[in-house]
Amino acid sequence: MTEMPTCIGCGVRIQTENPEEPGYAPPKTLEKEQIICQRCFRLKHYNEIQPVRLTDDDFLRILNGLSEHDGLIVKIVDIFDFNGSFIPGIHRFVGNNPVLLVANKSDLLPKSVKREKVIRWLKRACRDFGLFPVDVKLVSAHKGYGMDEVIETIEQYRDGKDVFVVGCTNVGKSTFINQIIKRVTGEGNLITTSHFPGTTLDMIEIPLDDGKAIYDTPGIINHHQMAHHIHESELKYITPKKEIKPKVYQLNSNQTLFIGGLARFDFLKGNRNSFTIYVSNDLPIHRTKLEKADALYEEHKGELLSPPSKEYLEYLPEFVRHEFSIKEGKTDIVISGLGWITVQQPNAVVACHAPKGVEVFIRPSLI
Ligand code: GDP
């Protein structure tokens with residue numbers, strides 16, 4: 001199946017089926033070289049909001065508005081869900097403003113991981129998305145790692161101007177801003193809100209000494225994440241809270257791994273290979289033979305294979321199968337918001353089953 005292109009405006013994957021859903025473009029636009037989704041088209045040419053999810057539209061308006069401001073854009077991503085939290089089209093909305101990329105939640109990465117390697121990976125991934133940040137920083141807003149350095153970097157690149165912090169919900173934007181407030185102002189009570197022209201949403205304004213400010217823009221919801229497809233009471237099992245302990249499996253072809261009852265990974269073809277799983281430490285992994293996998297799932301979902309537990313199984317969308325032919329060693333199969341599986345050796349055919357709506361894709365290994 002050929003993959004659909006992405007919108008040159010907001011970066012969303014184009015679809016031609018459902019005008020109510022993000023990424024819709026009329027089928028005939030597929031003939032064009034550069035495709036823009038209907039929502040971006042209207043926003044751009046008619047300054048008109050389509051009655052689809054308000055959060056997304058308001059977010060796009062805010063991004064559009066940023067190009068009329070002069071300042072430093074601090075873009076926050078979640079290192080645990082880089083692609084899901086990236087907001088691909090962002091550089092087209094921010095005009096000529098410099099972008100500083102901050103990857104948060106570094107405390108989740110195994111301690112053995114080299115920071116420089118992750119930063120190199122991040123720079124390359126940005127380039128692949130067409131974003132050329134002035135710098136890339138790895139922090140843990142929660143633990144405070146790297147925060148002093150990032151504040152210095154912001155000071156350096158903002159060049160006496162305002163700072164706009166942007167990011168998806170859940171990347172830790174509030175935690176990040178709170179750390180800055182604590183460190184820069186030494187007190188908590190300086191936040192004011194400011195109305196962003198053209199939107200119904202308020203931004204939080206943190207005044208800086210020189211009359212400029214740091215603005216916290218509202219976050220956009222990342223719809224492809226696992227978090228939006230399971231019941232909120234079970235979110236705690238999939239969201240890692242501390243350093244991930246990778247689990248290594250040596251598999252022969254025709255073996256299957258279940259990640260709780262949330263995803264299934266089949267090793268279909270290839271020599272014996274090593275697979276490293278990076279997910280929340282609370283998620284149990286079960287190994288079985290491929291031929292038994294369907295029956296095992298039917299019999300044990302909600303119990304042995306959980307989360308989700310029986311009580312919340314009905315919230316889980318049906319599984320969709322994604323097959324990949326892995327040519328290079330050290331390739332990650334990413335299940336957006338759940339984690340990833342690194343295939344260590346080249347030449348393997350694998351399939352990953354994940355709930356409908358959750359993005360599954362491959363990338364060069366992060367670690
Ligand atoms: P926002 O929606 O982007 O404003 O995100 P929040 O600041 O509310 O954080 C979202 C979730 O991520 C919360 O559960 C935070 O505790 C968690 N979080 C934020 N920063 C970090 C971090 O540096 N490391 C880890 N492990 N979790 C974080």
# chains A, B, ... in the order shown; residues from 1 in each chain; ligands from 1
call {"tool": "residues_near_ligand", "arguments": {"ligand": "ligand 1", "cutoff": "7 Å", "atoms": "only C-alpha atoms and all ligand atoms", "output": "VMD selection string"}}
result
chain A and resid 104 to 108 139 to 143 167 to 176 219 240 to 242
call {"tool": "select_by_dssp", "arguments": {"residues": "region 69-245 of chain A", "states": "strand (DSSP E or B)", "output": "ChimeraX atom specification"}}
result
/A:71-78,99-104,135-138,140,145,162-168,192-195,202-207,213-216,220
call {"tool": "write_last_selection", "arguments": {"atoms": "N, CA and C atoms", "output": "short mmCIF file (atom, residue, chain, number, x, y, z; two decimals), in the first residue's frame"}}
result
data_model
loop_
_atom_site.label_atom_id
_atom_site.label_comp_id
_atom_site.auth_asym_id
_atom_site.auth_seq_id
_atom_site.Cartn_x
_atom_site.Cartn_y
_atom_site.Cartn_z
N GLY A 71 10.20 36.70 17.79
CA GLY A 71 10.69 36.10 19.03
C GLY A 71 11.25 34.71 18.81
N LEU A 72 11.61 34.07 19.90
CA LEU A 72 12.17 32.72 19.84
C LEU A 72 11.05 31.72 20.11
N ILE A 73 10.94 30.71 19.25
CA ILE A 73 9.97 29.65 19.47
C ILE A 73 10.68 28.49 20.17
N VAL A 74 10.18 28.12 21.33
CA VAL A 74 10.73 26.95 22.01
C VAL A 74 9.74 25.81 21.81
N LYS A 75 10.16 24.83 21.05
CA LYS A 75 9.26 23.74 20.69
C LYS A 75 9.60 22.53 21.55
N ILE A 76 8.62 22.08 22.32
CA ILE A 76 8.88 20.95 23.22
C ILE A 76 8.33 19.66 22.65
N VAL A 77 9.14 18.63 22.66
CA VAL A 77 8.67 17.30 22.26
C VAL A 77 8.94 16.33 23.41
N ASP A 78 8.26 15.20 23.34
CA ASP A 78 8.41 14.15 24.34
C ASP A 78 9.36 13.11 23.75
N VAL A 99 13.76 28.56 15.93
CA VAL A 99 13.13 27.53 16.75
C VAL A 99 14.22 26.81 17.56
N LEU A 100 13.98 26.70 18.85
CA LEU A 100 14.85 25.89 19.70
C LEU A 100 14.07 24.62 20.05
N LEU A 101 14.64 23.46 19.75
CA LEU A 101 13.94 22.22 20.04
C LEU A 101 14.37 21.69 21.41
N VAL A 102 13.38 21.45 22.25
CA VAL A 102 13.67 20.89 23.57
C VAL A 102 12.97 19.53 23.68
N ALA A 103 13.76 18.49 23.85
CA ALA A 103 13.19 17.15 24.02
C ALA A 103 13.12 16.87 25.52
N ASN A 104 11.91 16.67 26.00
CA ASN A 104 11.68 16.52 27.44
C ASN A 104 11.57 15.03 27.82
N ASP A 135 19.17 25.12 17.92
CA ASP A 135 19.86 24.21 18.82
C ASP A 135 18.87 23.13 19.27
N VAL A 136 19.40 22.02 19.79
CA VAL A 136 18.55 20.94 20.29
C VAL A 136 19.02 20.62 21.71
N LYS A 137 18.09 20.60 22.65
CA LYS A 137 18.45 20.32 24.04
C LYS A 137 17.63 19.16 24.57
N LEU A 138 18.26 18.39 25.44
CA LEU A 138 17.59 17.25 26.06
C LEU A 138 17.43 17.57 27.53
N SER A 140 15.01 17.01 31.42
CA SER A 140 13.90 16.43 32.18
C SER A 140 13.33 17.56 33.01
N TYR A 145 16.77 18.08 35.17
CA TYR A 145 18.01 17.86 34.42
C TYR A 145 18.07 18.79 33.20
N ASP A 162 10.68 38.28 22.79
CA ASP A 162 9.76 37.38 23.50
C ASP A 162 10.10 35.91 23.20
N VAL A 163 9.55 35.04 24.06
CA VAL A 163 9.74 33.59 23.88
C VAL A 163 8.36 32.94 23.84
N PHE A 164 8.14 32.08 22.84
CA PHE A 164 6.85 31.37 22.74
C PHE A 164 7.10 29.89 22.89
N VAL A 165 6.48 29.29 23.89
CA VAL A 165 6.69 27.86 24.12
C VAL A 165 5.51 27.11 23.50
N VAL A 166 5.80 26.20 22.59
CA VAL A 166 4.74 25.44 21.92
C VAL A 166 4.98 23.95 22.09
N GLY A 167 3.90 23.17 22.00
CA GLY A 167 4.04 21.71 22.10
C GLY A 167 2.68 21.05 22.22
N CYS A 168 2.64 19.76 21.98
CA CYS A 168 1.41 18.98 22.18
C CYS A 168 1.07 18.91 23.66
N THR A 192 0.62 36.09 34.24
CA THR A 192 -0.60 36.78 33.84
C THR A 192 -1.12 36.07 32.60
N THR A 193 -2.36 36.31 32.21
CA THR A 193 -2.79 35.70 30.96
C THR A 193 -2.96 36.79 29.91
N SER A 194 -2.77 36.39 28.68
CA SER A 194 -2.86 37.39 27.62
C SER A 194 -3.64 36.77 26.48
N HIS A 195 -4.51 37.54 25.90
CA HIS A 195 -5.36 37.01 24.85
C HIS A 195 -4.62 37.03 23.53
N ASP A 202 -6.56 31.68 25.78
CA ASP A 202 -5.63 32.56 26.45
C ASP A 202 -4.25 31.93 26.51
N MET A 203 -3.27 32.80 26.51
CA MET A 203 -1.91 32.31 26.71
C MET A 203 -1.44 32.78 28.07
N ILE A 204 -0.56 32.02 28.62
CA ILE A 204 0.00 32.44 29.90
C ILE A 204 1.26 33.24 29.62
N GLU A 205 1.37 34.36 30.29
CA GLU A 205 2.49 35.26 30.03
C GLU A 205 3.35 35.36 31.28
N ILE A 206 4.60 35.07 31.12
CA ILE A 206 5.53 35.19 32.25
C ILE A 206 6.47 36.35 31.95
N PRO A 207 6.30 37.46 32.64
CA PRO A 207 7.12 38.63 32.31
C PRO A 207 8.60 38.39 32.59
N ALA A 213 8.47 38.79 27.46
CA ALA A 213 7.79 37.76 28.23
C ALA A 213 7.98 36.38 27.61
N ILE A 214 7.76 35.36 28.44
CA ILE A 214 7.66 34.00 27.93
C ILE A 214 6.18 33.68 27.83
N TYR A 215 5.71 33.24 26.67
CA TYR A 215 4.30 32.91 26.48
C TYR A 215 4.12 31.40 26.41
N ASP A 216 3.22 30.91 27.20
CA ASP A 216 2.87 29.49 27.13
C ASP A 216 1.65 29.36 26.23
N ILE A 220 -1.71 21.30 21.60
CA ILE A 220 -2.62 20.59 20.69
C ILE A 220 -2.68 19.13 21.15
#
call {"tool": "closest_residue", "arguments": {"among": "A:His353, A:Ile8, A:Thr239, A:Phe93", "to": "Ala227 (chain A)", "atoms": "only C-alpha atoms"}}
result
A:Thr239
call {"tool": "closest_atom_pairs", "arguments": {"of": "region 234-281 of chain A", "to": "region 308-322 of chain A", "cutoff": "12 Å", "atoms": "only C-alpha atoms", "output": "CSV"}}
result
residue,atom,partner,partner_atom,distance
A:Glu234,CA,A:Pro308,CA,6.8
A:Leu235,CA,A:Pro308,CA,9.5
A:Lys236,CA,A:Pro308,CA,11.2
A:Tyr237,CA,A:Pro308,CA,9.2
A:Ile238,CA,A:Pro308,CA,10.0
A:Ile259,CA,A:Pro308,CA,10.7
A:Gly260,CA,A:Pro308,CA,7.6
A:Gly261,CA,A:Pro308,CA,6.1
A:Leu262,CA,A:Pro308,CA,6.9
A:Ala263,CA,A:Phe319,CA,7.8
A:Arg264,CA,A:Phe319,CA,8.9
A:Phe265,CA,A:Arg321,CA,9.4
A:Asp266,CA,A:Arg321,CA,9.9
call {"tool": "closest_residue", "arguments": {"among": "A:Gly89, A:Pro22, A:Gly84, A:Pro98", "to": "Gly337 (chain A)", "atoms": "only C-alpha atoms"}}
result
A:Gly84
call {"tool": "atom_distance", "arguments": {"atom1": "CA of Pro133 (chain A)", "atom2": "CA of His91 (chain A)"}}
result
9.2 Å
call {"tool": "closest_residue", "arguments": {"among": "A:Ile14, A:Ile177, A:Ile244, A:Val94", "to": "Thr276 (chain A)", "atoms": "only C-alpha atoms"}}
result
A:Ile244
call {"tool": "decode", "arguments": {"residues": "region 76-123 of chain A", "atoms": "N, CA and C atoms", "output": "PDB file, in the first residue's frame"}}
result
ATOM      1  N   ILE A  76       8.617  22.076  22.315  1.00  0.00           N
ATOM      2  CA  ILE A  76       8.877  20.954  23.222  1.00  0.00           C
ATOM      3  C   ILE A  76       8.328  19.658  22.652  1.00  0.00           C
ATOM      4  N   VAL A  77       9.141  18.628  22.662  1.00  0.00           N
ATOM      5  CA  VAL A  77       8.670  17.303  22.264  1.00  0.00           C
ATOM      6  C   VAL A  77       8.942  16.327  23.407  1.00  0.00           C
ATOM      7  N   ASP A  78       8.263  15.202  23.336  1.00  0.00           N
ATOM      8  CA  ASP A  78       8.409  14.154  24.340  1.00  0.00           C
ATOM      9  C   ASP A  78       9.359  13.113  23.750  1.00  0.00           C
ATOM     10  N   ILE A  79      10.487  12.904  24.390  1.00  0.00           N
ATOM     11  CA  ILE A  79      11.482  11.987  23.819  1.00  0.00           C
ATOM     12  C   ILE A  79      10.929  10.571  23.749  1.00  0.00           C
ATOM     13  N   PHE A  80       9.979  10.263  24.600  1.00  0.00           N
ATOM     14  CA  PHE A  80       9.379   8.927  24.601  1.00  0.00           C
ATOM     15  C   PHE A  80       8.392   8.762  23.441  1.00  0.00           C
ATOM     16  N   ASP A  81       7.886   9.873  22.932  1.00  0.00           N
ATOM     17  CA  ASP A  81       6.948   9.812  21.803  1.00  0.00           C
ATOM     18  C   ASP A  81       7.297  10.926  20.829  1.00  0.00           C
ATOM     19  N   PHE A  82       8.533  10.869  20.320  1.00  0.00           N
ATOM     20  CA  PHE A  82       9.048  11.973  19.510  1.00  0.00           C
ATOM     21  C   PHE A  82       8.146  12.270  18.313  1.00  0.00           C
ATOM     22  N   ASN A  83       7.890  11.265  17.488  1.00  0.00           N
ATOM     23  CA  ASN A  83       7.124  11.522  16.264  1.00  0.00           C
ATOM     24  C   ASN A  83       5.712  11.978  16.566  1.00  0.00           C
ATOM     25  N   GLY A  84       5.109  11.341  17.580  1.00  0.00           N
ATOM     26  CA  GLY A  84       3.733  11.688  17.924  1.00  0.00           C
ATOM     27  C   GLY A  84       3.617  13.105  18.440  1.00  0.00           C
ATOM     28  N   SER A  85       4.665  13.611  19.058  1.00  0.00           N
ATOM     29  CA  SER A  85       4.563  14.938  19.674  1.00  0.00           C
ATOM     30  C   SER A  85       5.253  16.019  18.848  1.00  0.00           C
ATOM     31  N   PHE A  86       5.675  15.689  17.648  1.00  0.00           N
ATOM     32  CA  PHE A  86       6.535  16.618  16.903  1.00  0.00           C
ATOM     33  C   PHE A  86       5.807  17.813  16.276  1.00  0.00           C
ATOM     34  N   ILE A  87       4.550  17.666  15.876  1.00  0.00           N
ATOM     35  CA  ILE A  87       3.818  18.706  15.126  1.00  0.00           C
ATOM     36  C   ILE A  87       4.601  19.075  13.856  1.00  0.00           C
ATOM     37  N   PRO A  88       4.570  18.194  12.856  1.00  0.00           N
ATOM     38  CA  PRO A  88       5.462  18.323  11.707  1.00  0.00           C
ATOM     39  C   PRO A  88       5.471  19.666  10.972  1.00  0.00           C
ATOM     40  N   GLY A  89       4.323  20.296  10.773  1.00  0.00           N
ATOM     41  CA  GLY A  89       4.328  21.488   9.903  1.00  0.00           C
ATOM     42  C   GLY A  89       4.780  22.767  10.586  1.00  0.00           C
ATOM     43  N   ILE A  90       5.220  22.670  11.798  1.00  0.00           N
ATOM     44  CA  ILE A  90       5.364  23.870  12.619  1.00  0.00           C
ATOM     45  C   ILE A  90       6.241  24.965  11.988  1.00  0.00           C
ATOM     46  N   HIS A  91       7.304  24.560  11.327  1.00  0.00           N
ATOM     47  CA  HIS A  91       8.222  25.576  10.802  1.00  0.00           C
ATOM     48  C   HIS A  91       7.572  26.444   9.718  1.00  0.00           C
ATOM     49  N   ARG A  92       6.499  25.943   9.132  1.00  0.00           N
ATOM     50  CA  ARG A  92       5.827  26.751   8.095  1.00  0.00           C
ATOM     51  C   ARG A  92       4.943  27.816   8.715  1.00  0.00           C
ATOM     52  N   PHE A  93       4.617  27.645   9.967  1.00  0.00           N
ATOM     53  CA  PHE A  93       3.730  28.595  10.624  1.00  0.00           C
ATOM     54  C   PHE A  93       4.468  29.667  11.401  1.00  0.00           C
ATOM     55  N   VAL A  94       5.694  29.391  11.740  1.00  0.00           N
ATOM     56  CA  VAL A  94       6.369  30.319  12.647  1.00  0.00           C
ATOM     57  C   VAL A  94       7.165  31.388  11.913  1.00  0.00           C
ATOM     58  N   GLY A  95       7.034  31.421  10.604  1.00  0.00           N
ATOM     59  CA  GLY A  95       7.693  32.469   9.834  1.00  0.00           C
ATOM     60  C   GLY A  95       9.204  32.364   9.943  1.00  0.00           C
ATOM     61  N   ASN A  96       9.840  33.523  10.125  1.00  0.00           N
ATOM     62  CA  ASN A  96      11.302  33.515  10.165  1.00  0.00           C
ATOM     63  C   ASN A  96      11.851  33.377  11.573  1.00  0.00           C
ATOM     64  N   ASN A  97      10.966  33.133  12.523  1.00  0.00           N
ATOM     65  CA  ASN A  97      11.433  33.058  13.892  1.00  0.00           C
ATOM     66  C   ASN A  97      12.299  31.818  14.125  1.00  0.00           C
ATOM     67  N   PRO A  98      13.374  31.972  14.871  1.00  0.00           N
ATOM     68  CA  PRO A  98      14.204  30.810  15.177  1.00  0.00           C
ATOM     69  C   PRO A  98      13.472  29.843  16.098  1.00  0.00           C
ATOM     70  N   VAL A  99      13.762  28.563  15.925  1.00  0.00           N
ATOM     71  CA  VAL A  99      13.130  27.525  16.751  1.00  0.00           C
ATOM     72  C   VAL A  99      14.216  26.809  17.556  1.00  0.00           C
ATOM     73  N   LEU A 100      13.980  26.702  18.854  1.00  0.00           N
ATOM     74  CA  LEU A 100      14.853  25.893  19.702  1.00  0.00           C
ATOM     75  C   LEU A 100      14.072  24.624  20.049  1.00  0.00           C
ATOM     76  N   LEU A 101      14.639  23.464  19.747  1.00  0.00           N
ATOM     77  CA  LEU A 101      13.939  22.220  20.044  1.00  0.00           C
ATOM     78  C   LEU A 101      14.366  21.693  21.412  1.00  0.00           C
ATOM     79  N   VAL A 102      13.380  21.451  22.253  1.00  0.00           N
ATOM     80  CA  VAL A 102      13.667  20.890  23.574  1.00  0.00           C
ATOM     81  C   VAL A 102      12.974  19.532  23.676  1.00  0.00           C
ATOM     82  N   ALA A 103      13.764  18.490  23.849  1.00  0.00           N
ATOM     83  CA  ALA A 103      13.191  17.146  24.021  1.00  0.00           C
ATOM     84  C   ALA A 103      13.115  16.867  25.516  1.00  0.00           C
ATOM     85  N   ASN A 104      11.910  16.673  25.998  1.00  0.00           N
ATOM     86  CA  ASN A 104      11.678  16.516  27.437  1.00  0.00           C
ATOM     87  C   ASN A 104      11.568  15.027  27.818  1.00  0.00           C
ATOM     88  N   LYS A 105      11.606  14.795  29.098  1.00  0.00           N
ATOM     89  CA  LYS A 105      11.457  13.464  29.705  1.00  0.00           C
ATOM     90  C   LYS A 105      12.706  12.598  29.514  1.00  0.00           C
ATOM     91  N   SER A 106      13.872  13.229  29.490  1.00  0.00           N
ATOM     92  CA  SER A 106      15.116  12.477  29.303  1.00  0.00           C
ATOM     93  C   SER A 106      15.322  11.470  30.433  1.00  0.00           C
ATOM     94  N   ASP A 107      14.662  11.699  31.571  1.00  0.00           N
ATOM     95  CA  ASP A 107      14.822  10.766  32.694  1.00  0.00           C
ATOM     96  C   ASP A 107      14.271   9.378  32.377  1.00  0.00           C
ATOM     97  N   LEU A 108      13.455   9.269  31.324  1.00  0.00           N
ATOM     98  CA  LEU A 108      12.896   7.954  30.975  1.00  0.00           C
ATOM     99  C   LEU A 108      13.884   7.090  30.208  1.00  0.00           C
ATOM    100  N   LEU A 109      14.861   7.713  29.583  1.00  0.00           N
ATOM    101  CA  LEU A 109      15.818   6.938  28.785  1.00  0.00           C
ATOM    102  C   LEU A 109      16.755   6.181  29.716  1.00  0.00           C
ATOM    103  N   PRO A 110      17.135   4.965  29.335  1.00  0.00           N
ATOM    104  CA  PRO A 110      18.088   4.223  30.162  1.00  0.00           C
ATOM    105  C   PRO A 110      19.351   5.061  30.398  1.00  0.00           C
ATOM    106  N   LYS A 111      19.898   4.968  31.589  1.00  0.00           N
ATOM    107  CA  LYS A 111      21.041   5.820  31.955  1.00  0.00           C
ATOM    108  C   LYS A 111      22.253   5.580  31.044  1.00  0.00           C
ATOM    109  N   SER A 112      22.323   4.363  30.503  1.00  0.00           N
ATOM    110  CA  SER A 112      23.486   4.026  29.676  1.00  0.00           C
ATOM    111  C   SER A 112      23.483   4.767  28.332  1.00  0.00           C
ATOM    112  N   VAL A 113      22.360   5.364  27.989  1.00  0.00           N
ATOM    113  CA  VAL A 113      22.248   6.010  26.683  1.00  0.00           C
ATOM    114  C   VAL A 113      23.081   7.286  26.654  1.00  0.00           C
ATOM    115  N   LYS A 114      23.830   7.459  25.580  1.00  0.00           N
ATOM    116  CA  LYS A 114      24.665   8.658  25.441  1.00  0.00           C
ATOM    117  C   LYS A 114      23.819   9.841  24.969  1.00  0.00           C
ATOM    118  N   ARG A 115      23.873  10.912  25.741  1.00  0.00           N
ATOM    119  CA  ARG A 115      23.073  12.095  25.408  1.00  0.00           C
ATOM    120  C   ARG A 115      23.430  12.643  24.021  1.00  0.00           C
ATOM    121  N   GLU A 116      24.740  12.648  23.718  1.00  0.00           N
ATOM    122  CA  GLU A 116      25.177  13.223  22.426  1.00  0.00           C
ATOM    123  C   GLU A 116      24.562  12.431  21.275  1.00  0.00           C
ATOM    124  N   LYS A 117      24.448  11.119  21.474  1.00  0.00           N
ATOM    125  CA  LYS A 117      23.898  10.289  20.404  1.00  0.00           C
ATOM    126  C   LYS A 117      22.417  10.627  20.200  1.00  0.00           C
ATOM    127  N   VAL A 118      21.703  10.824  21.307  1.00  0.00           N
ATOM    128  CA  VAL A 118      20.278  11.152  21.203  1.00  0.00           C
ATOM    129  C   VAL A 118      20.112  12.523  20.537  1.00  0.00           C
ATOM    130  N   ILE A 119      20.994  13.451  20.893  1.00  0.00           N
ATOM    131  CA  ILE A 119      20.890  14.790  20.290  1.00  0.00           C
ATOM    132  C   ILE A 119      21.177  14.731  18.795  1.00  0.00           C
ATOM    133  N   ARG A 120      22.169  13.918  18.415  1.00  0.00           N
ATOM    134  CA  ARG A 120      22.445  13.753  16.978  1.00  0.00           C
ATOM    135  C   ARG A 120      21.228  13.166  16.269  1.00  0.00           C
ATOM    136  N   TRP A 121      20.621  12.181  16.921  1.00  0.00           N
ATOM    137  CA  TRP A 121      19.424  11.546  16.350  1.00  0.00           C
ATOM    138  C   TRP A 121      18.316  12.584  16.180  1.00  0.00           C
ATOM    139  N   LEU A 122      18.132  13.409  17.211  1.00  0.00           N
ATOM    140  CA  LEU A 122      17.076  14.431  17.172  1.00  0.00           C
ATOM    141  C   LEU A 122      17.320  15.429  16.042  1.00  0.00           C
ATOM    142  N   LYS A 123      18.581  15.822  15.876  1.00  0.00           N
ATOM    143  CA  LYS A 123      18.889  16.797  14.815  1.00  0.00           C
ATOM    144  C   LYS A 123      18.564  16.209  13.447  1.00  0.00           C
TER     145      LYS A 123
END
